[in-house]
Amino acid sequence: MNFSIQAVYNWYRNLLRNPKYRWWVILGTLLYFVSPFDVLPDFFPIVGELDDVFLLTLLVTEMSQVVIEGFKARKGDVDTTAANTAETSTSNADTIDVDAVSVK
């Protein structure tokens with residue numbers, strides 16, 4: 001069996017991005033964080049917290065990406081609708097693009 005950290009990361013990321021499993025993965029991650037049974041037990045001074053910190057960092061990073069992508073998708077839908085409306089209302093008007101140039 002071929003095991004790599006990248007494969008685990010991709011699996012976790014894909015599960016978080018799937019709306020069907022997203023809340024289960026979040027709940028499982030939070031339960032893992034508070035659970036005393038870890039890959040690296042928490043009673044080891046520094047090493048014990050590394051897996052928890054890594055997993056929470058991964059969760060926060062991926063969820064922030066999901067939220068940002070969702071926000072951009074909603075904003076893009078609104079902007080596209082507004083642009084289409086503006087385009088049809090000003091379809092007869094000529095538009096001129098102007099580039100700003102600084103003069104010293």
# chains A, B, ... in the order shown; residues from 1 in each chain; ligands from 1
$ residues_around --residues "Arg17 of chain A" --least-positions-apart "3" --cutoff "9 Å" --atoms "only C-alpha atoms" --output "ChimeraX atom specification"
/A:12-14,20-22,62-63,66
$ write_last_selection --atoms "C-alpha atoms" --output "mmCIF file, in the first residue's frame"
data_model
loop_
_atom_site.group_PDB
_atom_site.id
_atom_site.type_symbol
_atom_site.label_atom_id
_atom_site.label_comp_id
_atom_site.auth_asym_id
_atom_site.auth_seq_id
_atom_site.Cartn_x
_atom_site.Cartn_y
_atom_site.Cartn_z
ATOM 1 C CA TYR A 12 -9.172 15.308 3.472
ATOM 2 C CA ARG A 13 -9.397 18.333 1.179
ATOM 3 C CA ASN A 14 -11.721 16.572 -1.268
ATOM 4 C CA LYS A 20 -22.405 15.964 1.331
ATOM 5 C CA TYR A 21 -19.556 15.128 3.749
ATOM 6 C CA ARG A 22 -18.371 18.588 4.832
ATOM 7 C CA GLU A 62 -9.565 24.645 3.650
ATOM 8 C CA MET A 63 -12.795 26.002 5.106
ATOM 9 C CA VAL A 66 -14.436 27.105 0.567
#
$ select_by_dssp --residues "chain A" --states "helix (DSSP H, G or I)" --output "ChimeraX atom specification"
/A:5-17,22-34,47-89
$ closest_residue --among "A:Leu59, A:Phe44, A:Gly70, A:Ala100" --to "Thr29 of chain A" --atoms "only C-alpha atoms"
A:Leu59
$ atom_distance --atom1 "atom CA of Val47 of chain A" --atom2 "atom CA of Ile5 of chain A"
17.0 Å
$ closest_residue --among "A:Ile96, A:Leu56, A:Val101, A:Leu50" --to "Ile26 of chain A" --atoms "only C-alpha atoms"
A:Leu56
$ closest_residue --among "A:Ser4, A:Trp24, A:Thr95, A:Leu40" --to "Val53 of chain A" --atoms "only C-alpha atoms"
A:Leu40
$ atom_distance --atom1 "atom CA of Asp42 of chain A" --atom2 "atom CA of Phe54 of chain A"
13.3 Å
$ decode --residues "segment 12-60 of chain A" --atoms "C-alpha atoms" --output "PDB file, in the first residue's frame"
ATOM      1  CA  TYR A  12      -9.172  15.308   3.472  1.00  0.00           C
ATOM      2  CA  ARG A  13      -9.397  18.333   1.179  1.00  0.00           C
ATOM      3  CA  ASN A  14     -11.721  16.572  -1.268  1.00  0.00           C
ATOM      4  CA  LEU A  15     -14.006  15.471   1.576  1.00  0.00           C
ATOM      5  CA  LEU A  16     -14.209  19.024   2.899  1.00  0.00           C
ATOM      6  CA  ARG A  17     -15.058  20.382  -0.534  1.00  0.00           C
ATOM      7  CA  ASN A  18     -17.880  17.874  -0.970  1.00  0.00           C
ATOM      8  CA  PRO A  19     -21.021  19.423   0.568  1.00  0.00           C
ATOM      9  CA  LYS A  20     -22.405  15.964   1.331  1.00  0.00           C
ATOM     10  CA  TYR A  21     -19.556  15.128   3.749  1.00  0.00           C
ATOM     11  CA  ARG A  22     -18.371  18.588   4.832  1.00  0.00           C
ATOM     12  CA  TRP A  23     -20.146  18.773   8.209  1.00  0.00           C
ATOM     13  CA  TRP A  24     -19.175  15.211   9.089  1.00  0.00           C
ATOM     14  CA  VAL A  25     -15.500  15.996   8.428  1.00  0.00           C
ATOM     15  CA  ILE A  26     -15.680  19.199  10.484  1.00  0.00           C
ATOM     16  CA  LEU A  27     -17.341  17.349  13.352  1.00  0.00           C
ATOM     17  CA  GLY A  28     -14.813  14.503  13.137  1.00  0.00           C
ATOM     18  CA  THR A  29     -11.900  16.939  13.116  1.00  0.00           C
ATOM     19  CA  LEU A  30     -13.193  18.769  16.180  1.00  0.00           C
ATOM     20  CA  LEU A  31     -13.809  15.463  17.998  1.00  0.00           C
ATOM     21  CA  TYR A  32     -10.266  14.358  17.127  1.00  0.00           C
ATOM     22  CA  PHE A  33      -8.959  17.635  18.534  1.00  0.00           C
ATOM     23  CA  VAL A  34     -10.640  17.172  21.936  1.00  0.00           C
ATOM     24  CA  SER A  35     -10.095  13.409  22.059  1.00  0.00           C
ATOM     25  CA  PRO A  36      -7.262  12.062  24.230  1.00  0.00           C
ATOM     26  CA  PHE A  37      -6.655   9.326  21.628  1.00  0.00           C
ATOM     27  CA  ASP A  38      -4.480  10.781  18.869  1.00  0.00           C
ATOM     28  CA  VAL A  39      -1.878   9.611  16.401  1.00  0.00           C
ATOM     29  CA  LEU A  40       0.590  11.413  18.661  1.00  0.00           C
ATOM     30  CA  PRO A  41      -0.837  11.438  22.222  1.00  0.00           C
ATOM     31  CA  ASP A  42      -1.060  14.836  23.881  1.00  0.00           C
ATOM     32  CA  PHE A  43       0.930  13.809  26.968  1.00  0.00           C
ATOM     33  CA  PHE A  44       4.155  14.131  24.941  1.00  0.00           C
ATOM     34  CA  PRO A  45       5.219  17.756  25.578  1.00  0.00           C
ATOM     35  CA  ILE A  46       5.519  19.310  22.103  1.00  0.00           C
ATOM     36  CA  VAL A  47       5.132  16.474  19.649  1.00  0.00           C
ATOM     37  CA  GLY A  48       1.724  15.567  21.068  1.00  0.00           C
ATOM     38  CA  GLU A  49       0.181  18.858  19.991  1.00  0.00           C
ATOM     39  CA  LEU A  50       1.685  18.831  16.487  1.00  0.00           C
ATOM     40  CA  ASP A  51      -0.962  16.575  14.951  1.00  0.00           C
ATOM     41  CA  ASP A  52      -3.756  18.625  16.550  1.00  0.00           C
ATOM     42  CA  VAL A  53      -2.279  21.918  15.356  1.00  0.00           C
ATOM     43  CA  PHE A  54      -1.678  20.507  11.883  1.00  0.00           C
ATOM     44  CA  LEU A  55      -5.226  19.196  11.571  1.00  0.00           C
ATOM     45  CA  LEU A  56      -6.867  22.385  12.879  1.00  0.00           C
ATOM     46  CA  THR A  57      -4.684  24.504  10.587  1.00  0.00           C
ATOM     47  CA  LEU A  58      -5.679  22.345   7.646  1.00  0.00           C
ATOM     48  CA  LEU A  59      -9.365  22.591   8.601  1.00  0.00           C
ATOM     49  CA  VAL A  60      -9.297  26.387   8.967  1.00  0.00           C
TER      50      VAL A  60
END
